[in-house]
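J.: Next comes work_4.cif, mmCIF, C-alpha atoms:
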```cif
data_coords
#
loop_
_atom_site.label_atom_id
_atom_site.label_comp_id
_atom_site.auth_asym_id
_atom_site.auth_seq_id
_atom_site.Cartn_x
_atom_site.Cartn_y
_atom_site.Cartn_z
CA MET A 1 0.00 0.00 0.00
CA ALA A 2 1.41 3.39 -1.01
CA LYS A 3 2.26 5.79 1.69
CA ASP A 4 0.81 9.27 1.65
CA ILE A 5 3.70 11.47 0.54
CA ASN A 6 2.69 14.11 3.00
CA LEU A 7 3.35 11.72 5.81
CA LEU A 8 6.97 11.07 4.72
CA PRO A 9 9.89 13.02 6.12
CA GLU A 10 10.64 16.22 4.22
CA LYS A 11 13.92 14.91 2.70
CA GLU A 12 12.29 11.76 1.43
CA VAL A 13 9.45 13.80 -0.06
CA LYS A 14 11.97 15.89 -1.94
CA THR A 15 13.76 12.80 -3.22
CA LYS A 16 10.56 11.23 -4.44
CA ARG A 17 9.60 14.42 -6.30
CA GLU A 18 13.04 14.64 -7.93
CA GLU A 19 12.81 11.01 -9.03
CA ALA A 20 9.36 11.62 -10.52
CA ALA A 21 10.58 14.72 -12.31
CA ILE A 22 13.64 12.95 -13.70
CA GLY A 23 11.47 10.01 -14.76
CA GLY A 24 9.08 12.36 -16.54
CA PHE A 25 11.95 14.17 -18.20
CA TYR A 26 13.39 10.84 -19.32
CA LYS A 27 10.05 9.78 -20.84
CA LEU A 28 9.67 13.14 -22.48
CA SER A 29 13.10 12.88 -24.07
CA LEU A 30 12.26 9.40 -25.37
CA VAL A 31 9.00 10.62 -26.85
CA PHE A 32 10.80 13.62 -28.34
CA ILE A 33 13.55 11.53 -29.96
CA ALA A 34 10.94 9.08 -31.25
CA LEU A 35 8.94 11.90 -32.83
CA VAL A 36 12.09 13.40 -34.31
CA ALA A 37 12.99 10.03 -35.78
CA ILE A 38 9.53 9.58 -37.29
CA VAL A 39 9.51 13.10 -38.76
CA ALA A 40 13.06 12.70 -40.09
CA GLY A 41 12.08 9.42 -41.73
CA GLY A 42 9.02 11.07 -43.26
CA VAL A 43 11.01 14.00 -44.55
CA PHE A 44 13.60 11.68 -46.06
CA GLY A 45 10.89 9.56 -47.69
CA VAL A 46 9.01 12.52 -49.14
CA GLY A 47 12.29 14.04 -50.32
CA GLN A 48 13.22 10.80 -52.08
CA PHE A 49 9.75 10.63 -53.67
CA PHE A 50 10.03 14.11 -55.16
CA SER A 51 13.61 13.55 -56.19
CA LEU A 52 12.66 10.39 -58.10
CA GLN A 53 9.71 12.18 -59.70
CA VAL A 54 11.95 15.04 -60.86
CA LYS A 55 14.43 12.57 -62.33
CA ALA A 56 11.66 10.72 -64.17
CA VAL A 57 10.24 13.93 -65.67
CA GLU A 58 13.72 15.16 -66.60
CA ARG A 59 14.39 11.88 -68.42
CA ALA A 60 11.16 12.34 -70.35
CA ASN A 61 12.18 15.94 -71.11
CA ASP A 62 15.54 14.79 -72.45
CA ASN A 63 13.75 12.43 -74.82
CA LEU A 64 11.41 15.18 -75.98
CA THR A 65 14.34 17.59 -76.42
CA SER A 66 16.12 15.13 -78.67
CA ILE A 67 12.91 14.70 -80.72
CA ILE A 68 12.65 18.50 -81.05
CA ASN A 69 16.32 18.81 -82.00
CA ASN A 70 15.69 16.35 -84.82
CA LEU A 71 12.90 18.65 -86.01
CA ARG A 72 15.03 21.81 -85.72
CA SER A 73 14.76 22.62 -89.44
CA ARG A 74 10.96 22.72 -89.11
CA GLU A 75 11.26 24.99 -86.08
CA ILE A 76 13.51 27.39 -88.01
CA LEU A 77 11.05 27.34 -90.90
CA LEU A 78 8.12 28.12 -88.60
CA GLN A 79 10.03 30.81 -86.72
CA SER A 80 11.17 32.51 -89.93
CA THR A 81 7.62 32.47 -91.31
CA LYS A 82 6.22 33.81 -88.04
CA SER A 83 8.79 36.59 -88.00
CA LYS A 84 7.90 37.58 -91.57
CA ALA A 85 4.18 37.40 -90.76
CA LYS A 86 4.65 39.70 -87.77
CA GLY A 87 6.64 42.15 -89.88
CA ILE A 88 4.05 42.17 -92.66
CA SER A 89 1.19 42.63 -90.15
CA GLU A 90 3.04 45.46 -88.46
CA ILE A 91 3.70 47.35 -91.69
CA VAL A 92 0.29 46.70 -93.26
CA SER A 93 -1.49 47.90 -90.13
CA LYS A 94 0.66 50.99 -89.63
CA ARG A 95 1.88 52.31 -92.97
CA PRO A 96 0.18 55.57 -93.81
CA ASP A 97 -2.06 55.59 -96.85
CA PHE A 98 -1.12 58.73 -98.77
CA ALA A 99 -3.57 58.04 -101.60
CA SER A 100 -6.47 58.26 -99.14
CA VAL A 101 -5.14 61.59 -97.86
CA LEU A 102 -5.30 62.94 -101.40
CA ASP A 103 -8.91 61.72 -101.60
CA ASP A 104 -9.76 63.32 -98.25
CA ILE A 105 -8.32 66.68 -99.27
CA SER A 106 -9.94 66.55 -102.72
CA GLY A 107 -13.30 65.97 -101.03
CA LEU A 108 -13.01 69.28 -99.19
CA LEU A 109 -12.14 71.46 -102.17
CA PRO A 110 -15.03 73.59 -103.45
CA ASP A 111 -15.36 74.90 -107.00
CA GLY A 112 -13.06 77.82 -107.54
CA VAL A 113 -10.27 76.47 -105.34
CA GLN A 114 -7.41 74.42 -106.71
CA LEU A 115 -4.21 73.15 -105.21
CA SER A 116 -0.91 74.27 -106.63
CA GLU A 117 1.26 72.43 -104.15
CA LEU A 118 0.70 69.74 -101.55
CA GLN A 119 3.15 68.21 -99.12
CA VAL A 120 2.36 65.38 -96.74
CA ASP A 121 4.81 63.53 -94.58
CA ARG A 122 4.70 60.35 -92.58
CA LYS A 123 4.00 62.14 -89.33
CA GLY A 124 0.81 63.51 -90.84
CA MET A 125 2.00 67.07 -91.34
CA VAL A 126 0.32 68.66 -94.32
CA LYS A 127 1.30 71.84 -96.07
CA LEU A 128 -0.74 72.99 -99.00
CA THR A 129 -0.79 75.96 -101.30
CA ALA A 130 -4.16 76.65 -102.90
CA LYS A 131 -5.42 79.19 -105.39
CA ALA A 132 -8.92 80.54 -104.80
CA ASP A 133 -10.77 82.42 -107.53
CA ASN A 134 -12.47 84.71 -105.05
CA SER A 135 -12.95 85.30 -101.35
CA SER A 136 -16.18 83.33 -101.29
CA SER A 137 -14.48 80.16 -102.58
CA LEU A 138 -11.63 80.66 -100.16
CA ASN A 139 -14.04 81.12 -97.28
CA THR A 140 -15.94 77.95 -98.25
CA PHE A 141 -12.69 75.99 -98.32
CA LEU A 142 -11.47 77.24 -94.94
CA THR A 143 -14.91 76.66 -93.42
CA ALA A 144 -14.91 73.07 -94.73
CA LEU A 145 -11.47 72.47 -93.26
CA ASN A 146 -12.62 73.76 -89.87
CA ASP A 147 -16.04 72.10 -89.92
CA PRO A 148 -16.09 69.44 -87.16
CA GLU A 149 -18.20 67.22 -89.43
CA LYS A 150 -15.83 67.55 -92.42
CA GLY A 151 -12.21 68.71 -92.18
CA GLY A 152 -12.27 68.74 -88.38
CA LYS A 153 -12.57 64.93 -88.45
CA MET A 154 -9.38 64.62 -90.47
CA PHE A 155 -7.17 67.52 -89.45
CA ASN A 156 -6.24 69.62 -86.47
CA LYS A 157 -3.83 72.49 -85.82
CA LEU A 158 -4.97 74.23 -88.98
CA THR A 159 -2.79 77.28 -89.47
CA VAL A 160 -3.12 79.83 -92.26
CA THR A 161 0.52 80.65 -92.93
CA SER A 162 -0.17 83.31 -95.56
CA ILE A 163 -2.88 84.75 -97.79
CA LYS A 164 -2.07 87.06 -100.65
CA ASN A 165 -3.65 88.31 -103.83
CA ASP A 166 -2.46 86.75 -107.03
CA LYS A 167 -2.19 88.36 -110.46
CA SER A 168 -5.56 87.05 -111.65
CA GLY A 169 -7.45 88.75 -108.84
CA GLY A 170 -7.83 85.61 -106.76
CA TYR A 171 -6.06 84.56 -103.61
CA LEU A 172 -3.09 82.40 -102.90
CA VAL A 173 -3.27 80.75 -99.50
CA VAL A 174 -0.70 78.62 -97.72
CA LEU A 175 -1.99 76.33 -94.95
CA THR A 176 -0.44 73.84 -92.58
CA MET A 177 -2.32 71.25 -90.56
CA ASN A 178 -1.95 67.84 -88.99
CA LEU A 179 -3.73 64.70 -90.08
CA ILE A 180 -5.54 63.01 -87.23
CA GLY A 181 -8.30 60.81 -88.54
CA GLY A 182 -10.01 59.35 -91.53
CA LYS A 183 -7.95 56.58 -93.07
CA TRP A 184 -4.73 58.16 -91.83
CA LYS A 185 -2.48 56.16 -89.58
CA THR A 186 1.09 56.86 -88.66
CA GLY A 187 3.73 54.21 -88.44
CA MET B 1 23.34 14.81 -6.07
CA GLU B 2 25.89 13.33 -8.48
CA ASN B 3 23.53 10.42 -9.11
CA ARG B 4 20.77 12.80 -10.03
CA ILE B 5 22.99 14.61 -12.51
CA ARG B 6 24.04 11.25 -13.99
CA GLU B 7 20.41 10.31 -14.46
CA LEU B 8 19.79 13.54 -16.35
CA VAL B 9 22.63 12.98 -18.84
CA ILE B 10 20.83 10.46 -21.04
CA PRO B 11 17.61 12.45 -21.58
CA ILE B 12 19.63 15.63 -22.16
CA ILE B 13 21.76 13.82 -24.74
CA LEU B 14 18.61 12.44 -26.38
CA ILE B 15 17.08 15.91 -26.56
CA LEU B 16 20.31 17.40 -27.91
CA VAL B 17 20.49 14.63 -30.52
CA GLY B 18 16.86 15.31 -31.41
CA VAL B 19 17.50 19.04 -31.73
CA GLY B 20 20.58 18.28 -33.82
CA VAL B 21 18.56 16.04 -36.13
CA ILE B 22 15.93 18.78 -36.47
CA LEU B 23 18.50 21.44 -37.26
CA MET B 24 20.84 19.37 -39.43
CA GLY B 25 18.41 16.93 -41.00
CA ILE B 26 14.74 17.82 -40.86
CA LEU B 27 14.86 21.56 -41.61
CA PRO B 28 17.29 21.19 -44.55
CA GLY B 29 15.21 18.19 -45.62
CA ILE B 30 12.07 20.32 -45.69
CA ASP B 31 13.93 22.93 -47.73
CA SER B 32 15.04 20.19 -50.11
CA ILE B 33 11.44 19.00 -50.43
CA LYS B 34 10.30 22.54 -51.23
CA LYS B 35 13.04 22.85 -53.82
CA ALA B 36 12.27 19.40 -55.25
CA ARG B 37 8.59 20.33 -55.53
CA ALA B 38 9.48 23.54 -57.31
CA ASP B 39 11.86 21.59 -59.59
CA LEU B 40 9.11 19.08 -60.27
CA GLU B 41 6.64 21.84 -61.17
CA ALA B 42 9.20 23.48 -63.44
CA ALA B 43 10.10 20.16 -65.05
CA LYS B 44 6.39 19.38 -65.64
CA LYS B 45 5.82 22.80 -67.18
CA LYS B 46 8.83 22.27 -69.40
CA GLN B 47 7.53 18.83 -70.28
CA SER B 48 4.20 20.31 -71.26
CA VAL B 49 5.90 22.92 -73.48
CA LEU B 50 8.20 20.33 -75.03
CA GLN B 51 5.36 17.90 -75.60
CA THR B 52 3.23 20.58 -77.29
CA LYS B 53 6.19 21.72 -79.35
CA ALA B 54 7.08 18.18 -80.41
CA ASN B 55 3.44 17.51 -81.36
CA VAL B 56 3.20 20.75 -83.36
CA LEU B 57 6.50 20.15 -85.17
CA ASN B 58 5.57 16.54 -85.88
CA SER B 59 2.22 17.41 -87.34
CA MET B 60 3.36 20.58 -89.13
CA ASP B 61 2.60 20.88 -92.83
CA GLU B 62 6.10 21.69 -93.98
CA ALA B 63 5.20 22.25 -97.62
CA SER B 64 2.49 24.82 -96.98
CA THR B 65 4.62 26.65 -94.38
CA ARG B 66 7.48 26.77 -96.89
CA SER B 67 5.12 28.14 -99.49
CA LEU B 68 3.95 30.84 -97.03
CA LEU B 69 7.57 31.71 -96.24
CA THR B 70 8.31 32.10 -99.96
CA ILE B 71 5.40 34.53 -100.37
CA ALA B 72 6.31 36.37 -97.16
CA SER B 73 9.96 36.62 -98.20
CA ASN B 74 8.95 38.14 -101.52
CA ALA B 75 6.86 40.69 -99.65
CA LEU B 76 9.42 41.37 -96.98
CA PRO B 77 12.86 40.18 -98.08
CA SER B 78 15.71 39.67 -95.67
CA GLU B 79 18.12 41.71 -97.72
CA LYS B 80 18.13 45.10 -99.37
CA ASN B 81 17.80 43.68 -102.88
CA VAL B 82 16.25 46.34 -105.10
CA PRO B 83 17.32 45.69 -108.71
CA GLY B 84 14.11 43.83 -109.55
CA LEU B 85 12.09 46.55 -107.88
CA LEU B 86 13.32 49.35 -110.16
CA ALA B 87 11.82 47.70 -113.23
CA GLY B 88 8.65 46.91 -111.30
CA LEU B 89 8.15 50.52 -110.19
CA GLU B 90 8.75 51.79 -113.71
CA ARG B 91 6.15 49.34 -114.99
CA MET B 92 3.69 50.43 -112.29
CA ALA B 93 4.22 54.08 -113.25
CA GLN B 94 3.67 53.26 -116.94
CA GLU B 95 0.50 51.35 -116.14
CA ALA B 96 -0.75 54.39 -114.22
CA SER B 97 0.21 56.64 -117.20
CA ALA B 98 2.86 58.42 -115.16
CA SER B 99 6.58 58.49 -115.78
CA ILE B 100 9.41 58.21 -113.36
CA GLN B 101 11.92 60.95 -114.05
CA ASP B 102 14.42 60.33 -111.35
CA PHE B 103 15.37 57.64 -108.89
CA SER B 104 17.91 57.82 -106.14
CA ILE B 105 18.83 56.06 -102.97
CA ALA B 106 20.81 57.81 -100.25
CA PRO B 107 24.49 56.79 -100.16
CA GLY B 108 25.13 53.90 -97.84
CA MET B 109 21.56 52.66 -97.84
CA LEU B 110 22.33 49.65 -100.02
CA ALA B 111 25.72 48.97 -98.51
CA THR B 112 26.61 47.44 -95.23
CA GLU B 113 26.76 49.64 -92.15
CA ALA B 114 30.54 49.78 -92.39
CA ALA B 115 30.38 51.25 -95.88
CA ALA B 116 27.94 53.96 -94.95
CA PRO B 117 29.45 57.46 -94.96
CA PRO B 118 30.12 59.00 -91.56
CA PRO B 119 27.53 61.43 -90.28
CA THR B 120 28.12 65.03 -91.32
CA ILE B 121 27.01 68.28 -89.81
CA ASP B 122 24.61 70.19 -92.01
CA LYS B 123 26.08 73.66 -92.41
CA THR B 124 23.50 74.97 -94.85
CA PRO B 125 21.42 77.93 -93.68
CA ALA B 126 18.34 77.08 -91.73
CA GLN B 127 15.70 75.56 -93.99
CA PRO B 128 12.18 74.52 -93.15
CA THR B 129 12.56 71.00 -91.80
CA PHE B 130 9.22 69.90 -93.13
CA PHE B 131 10.36 66.93 -95.13
CA VAL B 132 13.63 65.84 -93.68
CA SER B 133 13.62 62.08 -94.03
CA GLN B 134 14.35 60.33 -90.76
CA ASN B 135 14.32 56.82 -92.13
CA LYS B 136 17.91 55.74 -92.14
CA GLU B 137 17.77 52.21 -90.74
CA LYS B 138 14.77 53.11 -88.62
CA ASP B 139 12.99 50.17 -87.01
CA TYR B 140 9.39 50.11 -88.14
CA GLY B 141 8.43 47.44 -85.62
CA ALA B 142 8.90 43.64 -85.59
CA GLY B 143 12.49 44.14 -86.75
CA VAL B 144 11.46 45.70 -90.07
CA SER B 145 13.69 48.35 -91.63
CA ALA B 146 13.26 50.28 -94.86
CA ILE B 147 15.36 51.74 -97.61
CA PRO B 148 14.16 55.24 -98.50
CA PHE B 149 13.93 55.60 -102.25
CA MET B 150 13.64 59.12 -103.69
CA ALA B 151 11.65 59.26 -106.90
CA THR B 152 10.29 62.07 -109.06
CA LEU B 153 7.19 61.25 -111.06
CA LYS B 154 5.40 63.24 -113.69
CA GLY B 155 1.93 62.91 -115.07
CA ASN B 156 -1.57 64.11 -114.42
CA TYR B 157 -3.11 63.96 -110.96
CA LEU B 158 -5.05 60.76 -111.53
CA ALA B 159 -1.98 58.96 -112.85
CA LEU B 160 0.07 59.98 -109.82
CA HIS B 161 -2.80 59.12 -107.50
CA ASP B 162 -3.12 55.68 -109.10
CA PHE B 163 0.60 55.10 -108.79
CA LEU B 164 0.50 56.09 -105.13
CA ALA B 165 -2.52 53.88 -104.46
CA GLY B 166 -0.82 51.06 -106.38
CA ILE B 167 2.22 50.83 -104.14
CA TYR B 168 -0.01 49.37 -101.40
CA LYS B 169 -1.33 46.67 -103.71
CA VAL B 170 1.76 44.85 -104.91
CA ASN B 171 3.46 41.66 -103.82
CA ARG B 172 6.33 43.56 -102.20
CA LEU B 173 5.76 45.66 -99.08
CA LEU B 174 6.21 49.28 -100.06
CA GLY B 175 5.21 52.48 -98.40
CA ALA B 176 5.79 56.18 -98.63
CA ASP B 177 7.51 58.48 -96.20
CA SER B 178 6.52 61.78 -97.75
CA ILE B 179 4.96 63.17 -100.89
CA VAL B 180 5.24 66.57 -102.53
CA PHE B 181 2.83 67.33 -105.39
CA LYS B 182 3.46 70.45 -107.48
CA VAL B 183 1.58 71.79 -110.46
CA ASN B 184 3.92 72.54 -113.34
CA GLU B 185 3.35 76.06 -114.55
CA ARG B 186 4.38 75.07 -118.08
CA PRO B 187 2.78 71.73 -118.94
CA ALA B 188 4.47 69.59 -121.60
CA THR B 189 1.20 69.26 -123.48
CA LYS B 190 -0.79 72.43 -123.90
CA GLY B 191 -4.15 72.36 -122.19
CA GLN B 192 -3.18 69.40 -119.99
CA GLN B 193 -2.37 69.80 -116.35
CA ASP B 194 1.04 68.44 -115.49
CA ILE B 195 1.96 67.56 -111.96
CA SER B 196 5.29 66.49 -110.69
CA SER B 197 5.59 64.54 -107.52
CA ASP B 198 8.62 64.04 -105.35
CA LEU B 199 8.11 60.89 -103.36
CA VAL B 200 10.16 59.24 -100.71
CA LEU B 201 9.16 55.62 -101.10
CA LEU B 202 10.01 53.08 -98.47
CA VAL B 203 11.13 49.63 -99.50
CA TYR B 204 10.71 47.48 -96.44
CA TYR B 205 12.93 44.55 -95.53
CA GLN B 206 13.46 42.44 -92.45
CA PRO B 207 16.86 41.01 -91.62
CA GLU B 208 16.92 37.24 -91.14
CA VAL B 209 16.35 35.72 -87.72
CA SER B 210 19.92 35.03 -86.62
CA SER B 211 19.24 32.26 -84.11
CA VAL B 212 16.43 30.11 -82.91
CA GLY B 213 15.52 29.94 -79.26
CA LYS B 214 16.25 27.12 -76.83
CA SER B 215 14.43 23.87 -77.37
CA ASP B 216 12.11 24.56 -74.43
CA MET B 217 11.06 27.97 -75.74
CA PRO B 218 7.37 27.83 -76.66
CA LEU B 219 6.63 27.94 -80.36
CA GLU B 220 4.80 30.92 -81.76
CA LEU B 221 2.32 29.55 -84.22
CA LEU B 222 1.00 31.34 -87.28
CA THR B 223 -2.49 32.64 -86.68
CA GLU B 224 -5.18 32.22 -89.31
CA LYS B 225 -5.19 36.00 -89.76
CA GLU B 226 -1.46 35.97 -90.49
CA LYS B 227 -1.80 33.08 -92.94
CA THR B 228 -4.59 34.90 -94.76
CA LEU B 229 -2.54 38.12 -94.82
CA ILE B 230 0.48 36.36 -96.30
CA GLN B 231 -1.65 34.55 -98.87
CA SER B 232 -3.31 37.83 -99.82
CA MET B 233 0.14 39.22 -100.69
CA SER B 234 0.56 36.54 -103.34
CA ALA B 235 -2.65 37.68 -105.02
CA ASN B 236 -1.22 41.18 -105.51
CA PRO B 237 0.47 42.19 -108.78
CA VAL B 238 4.11 41.23 -108.96
CA VAL B 239 6.43 44.19 -108.68
CA THR B 240 9.65 42.38 -107.91
CA ASN B 241 10.29 39.97 -110.73
CA PRO B 242 13.94 39.07 -110.74
CA PRO B 243 15.55 41.14 -113.52
CA GLU B 244 16.21 39.26 -116.74
CA LEU B 245 19.87 38.39 -116.89
CA VAL B 246 21.80 38.97 -120.13
CA PRO B 247 25.01 37.20 -121.19
CA THR B 248 28.20 38.68 -119.76
CA GLY B 249 31.75 38.94 -121.19
CA LYS B 250 33.31 41.59 -123.46
CA VAL B 251 36.60 42.24 -125.22
CA ASN B 252 36.29 46.03 -124.95
CA PRO B 253 34.71 47.08 -121.68
CA PHE B 254 33.95 50.55 -123.10
CA ASN B 255 31.88 49.22 -125.97
CA PRO B 256 28.12 49.42 -125.45
#
```
Please render this file's structure as structure tokens.
T.:
Amino acid sequence: MAKDINLLPEKEVKTKREEAAIGGFYKLSLVFIALVAIVAGGVFGVGQFFSLQVKAVERANDNLTSIINNLRSREILLQSTKSKAKGISEIVSKRPDFASVLDDISGLLPDGVQLSELQVDRKGMVKLTAKADNSSSLNTFLTALNDPEKGGKMFNKLTVTSIKNDKSGGYLVVLTMNLIGGKWKTG
Amino acid sequence: MENRIRELVIPIILILVGVGVILMGILPGIDSIKKARADLEAAKKKQSVLQTKANVLNSMDEASTRSLLTIASNALPSEKNVPGLLAGLERMAQEASASIQDFSIAPGMLATEAAAPPPTIDKTPAQPTFFVSQNKEKDYGAGVSAIPFMATLKGNYLALHDFLAGIYKVNRLLGADSIVFKVNERPATKGQQDISSDLVLLVYYQPEVSSVGKSDMPLELLTEKEKTLIQSMSANPVVTNPPELVPTGKVNPFNP
């Protein structure tokens, strides 16, 4: 029959408690080392699993790479064609259409106004010299260029550089403007 | 007391060993697992790319791709070859009832970079910079460059307009950088309006792809839109027939 610890002498009580504590500590260390061993084993196993998987996939990749290397000429052919296709798409979508600019400007010219010089560059800058038979024709032309429904859709920054009388009693006007819309595109 | 300490040695050693195993084995092991997982993911992704690439290359229609490349190379050659183009442009001008009076290409544009003249400082008095061509070896996107080609055309407005519209409808990619239309005060034929046009035409080319990517680089496939675009180029009138070659060899090099 176990003795009540409280009835034991103080020294013996202390000894018993120390023994219990040491015993507990011992068990704890055993449990700890066992857990560490289990976890270490698990980690090693999982590590090996992934490592084997990686090796297997890499072997398959090596096989595929050698297949692709045997088809290198086809890859070069496809890449060259793709590169040309990209270039053609880029240019076709961006090259400015000067013929359409001529059409746009022609569409704004009223009777009695004719161009004597026209310059257009890739950035969409337009400089034109026009002869107008009279002030009414000139006014119609400038109004059409400024009209938001007509010229305003195609040009901005319209600047009248000069207007002067010509020998025939008409007017000679020099204009600059920037193309912004219509079929114009800059590239 | 000594006995007590002796009894504590074994559990302390066990705990120290356990801590050592955690620090030296388990934690690095977990890192290795993370790395192995990442490697596995990367390897699987690579496998997927390689598999797709191998399938595409295996099933590729080589003949039709080669035919597309031929058409595309005519439209956008890899080199600055222009001799065939000169005859083609003259023919286009004739068909539009215009005539080409003058052709020129800036020095160095047909040569290699090394042969191009060094840059010079323009000492002429200030001029309006309206039409200064900026196209020397400019990149027009997707690695495309262009040779600027100065040409002077004469004819009536419709002829010049047709010529200008025609450069967008030929089998070789052409464009224009600037146009100057001027009415001639003294027309060649009385009663007919004569216009001269100074054009800077652009003859596009795209240097060859110098190297292909690594085997695990994904393939860029031709889209249907791109195939249709290339095929549409072949339907355009031919402007770049190779020039007809004549026999060579003379006794007197100054004889015609």
J.: Hey, list the chain A side of the contact with chain B: 6 Å cut-off, only C-alpha atoms, answer as a PyMOL selection string.
T.: chain A and resi 26+29+33+36+40+47+50+54+61+68+81-82+84-85+87+99+116-122
J.: Nearest residue to Val113 (chain A) out of A:Leu35, A:Asn134, A:Pro96, A:Ala144, using all atoms listed in the file?
T.: A:Asn134
J.: CA of Glu10 (chain A) to CA of Ile22 (chain A): how many Å, to one decimal?
T.: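 Atom-to-atom, CA of Glu10 (chain A) and CA of Ile22 (chain A) are spaced 18.5 Å apart.
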J.: Would you work out the distance separating CA of Ala130 (chain A) from CA of Leu115 (chain A), expressed in Å to one decimal?
T.: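 Taking CA of Ala130 (chain A) and CA of Leu115 (chain A), their separation equals 4.2 Å.
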J.: Here's the selection I'm unsure about, the PyMOL selection byres ((chain A and resi 160) around 12); applied to the file above, which residues does it give, as a list in words?
T.: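 Selected by the PyMOL selection byres ((chain A and resi 160) around 12) here: Val126, Lys127, Leu128, Thr129, Ala130, Leu138, Phe141, Leu142, Leu145, Asn146, Lys157, Leu158, Thr159, Thr161, Ser162, Ile163, Lys164, Leu172, Val173, Val174, Leu175, Thr176 and Met177 of chain A.
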J.: Nearest to Pro237 (chain B) among B:Asp194, B:Asp139, B:Glu95, B:Glu224, with distances taken over all atoms listed in the file: which residue is it?
T.: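 Closest to Pro237 (chain B) of all the choices is B:Glu95.
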J.: I would like the residues chosen by the PyMOL selection byres ((chain A and resi 136) around 12) on the shown file; could you give them as a compact mmCIF listing (two decimals) with C-alpha atoms, in the frame of the given file?
T.:
```
# COMPACT_ATOMS: atom_id res chain seq x y z
CA PRO A 110 -15.03 73.59 -103.45
CA ASP A 111 -15.36 74.90 -107.00
CA GLY A 112 -13.06 77.82 -107.54
CA VAL A 113 -10.27 76.47 -105.34
CA ALA A 132 -8.92 80.54 -104.80
CA ASP A 133 -10.77 82.42 -107.53
CA ASN A 134 -12.47 84.71 -105.05
CA SER A 135 -12.95 85.30 -101.35
CA SER A 137 -14.48 80.16 -102.58
CA LEU A 138 -11.63 80.66 -100.16
CA ASN A 139 -14.04 81.12 -97.28
CA THR A 140 -15.94 77.95 -98.25
CA PHE A 141 -12.69 75.99 -98.32
CA LEU A 142 -11.47 77.24 -94.94
CA THR A 143 -14.91 76.66 -93.42
CA GLY A 170 -7.83 85.61 -106.76
CA TYR A 171 -6.06 84.56 -103.61
```
J.: Expressed in Å to a single decimal, how great is the separation between CA of Asp102 (chain B) and CA of Ile147 (chain B)?
T.: 16.2 Å
J.: I need every residue sitting at most 9 Å from the point (12.0, 22.2, -94.1) (coordinates as in the file, all atoms listed in the file considered), written as a list in words.
T.: Leu71, Arg72, Ser73, Arg74, Glu75, Ile76, Leu77 and Leu78 of chain A; Glu62, Ala63, Thr65 and Arg66 of chain B
J.: Do you know which residues lie at most 7 Å from (-0.9, 59.2, -114.9), with coordinates as in the file and all atoms listed in the file counted, and could you write them as a list in words?
T.: Ala96, Ser97, Ala98, Gly155, Asn156, Tyr157, Leu158, Ala159 and Leu160 of chain B
J.: Take the residues just selected and output them with C-alpha atoms as a compact mmCIF listing (two decimals), keeping the file's coordinate frame.
T.:
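See result_11.txt below for the written result:
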```
# COMPACT_ATOMS: atom_id res chain seq x y z
CA ALA B 96 -0.75 54.39 -114.22
CA SER B 97 0.21 56.64 -117.20
CA ALA B 98 2.86 58.42 -115.16
CA GLY B 155 1.93 62.91 -115.07
CA ASN B 156 -1.57 64.11 -114.42
CA TYR B 157 -3.11 63.96 -110.96
CA LEU B 158 -5.05 60.76 -111.53
CA ALA B 159 -1.98 58.96 -112.85
CA LEU B 160 0.07 59.98 -109.82
```
J.: Can you fill out region 67-76 of chain A with N, CA and C atoms and hand it back as an mmCIF file, keeping the file's coordinate frame?
T.:
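So the final result, stored in out-v1.cif, reads:
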```
data_model
loop_
_atom_site.group_PDB
_atom_site.id
_atom_site.type_symbol
_atom_site.label_atom_id
_atom_site.label_comp_id
_atom_site.auth_asym_id
_atom_site.auth_seq_id
_atom_site.Cartn_x
_atom_site.Cartn_y
_atom_site.Cartn_z
ATOM 1 N N ILE A 67 13.882 14.749 -79.610
ATOM 2 C CA ILE A 67 12.910 14.700 -80.720
ATOM 3 C C ILE A 67 12.830 16.076 -81.381
ATOM 4 N N ILE A 68 12.763 17.125 -80.524
ATOM 5 C CA ILE A 68 12.650 18.500 -81.050
ATOM 6 C C ILE A 68 13.916 18.877 -81.821
ATOM 7 N N ASN A 69 15.073 18.486 -81.292
ATOM 8 C CA ASN A 69 16.320 18.810 -82.000
ATOM 9 C C ASN A 69 16.349 18.171 -83.382
ATOM 10 N N ASN A 70 15.751 16.989 -83.503
ATOM 11 C CA ASN A 70 15.690 16.350 -84.820
ATOM 12 C C ASN A 70 14.761 17.106 -85.770
ATOM 13 N N LEU A 71 13.847 17.887 -85.179
ATOM 14 C CA LEU A 71 12.900 18.650 -86.010
ATOM 15 C C LEU A 71 13.288 20.132 -86.072
ATOM 16 N N ARG A 72 14.557 20.425 -85.802
ATOM 17 C CA ARG A 72 15.030 21.810 -85.720
ATOM 18 C C ARG A 72 14.772 22.578 -87.015
ATOM 19 N N SER A 73 14.941 21.909 -88.147
ATOM 20 C CA SER A 73 14.760 22.620 -89.440
ATOM 21 C C SER A 73 13.315 23.104 -89.564
ATOM 22 N N ARG A 74 12.374 22.305 -89.071
ATOM 23 C CA ARG A 74 10.960 22.720 -89.110
ATOM 24 C C ARG A 74 10.735 23.911 -88.187
ATOM 25 N N GLU A 75 11.420 23.887 -87.028
ATOM 26 C CA GLU A 75 11.260 24.990 -86.080
ATOM 27 C C GLU A 75 11.789 26.288 -86.697
ATOM 28 N N ILE A 76 12.934 26.194 -87.369
ATOM 29 C CA ILE A 76 13.510 27.390 -88.010
ATOM 30 C C ILE A 76 12.556 27.899 -89.087
#
```
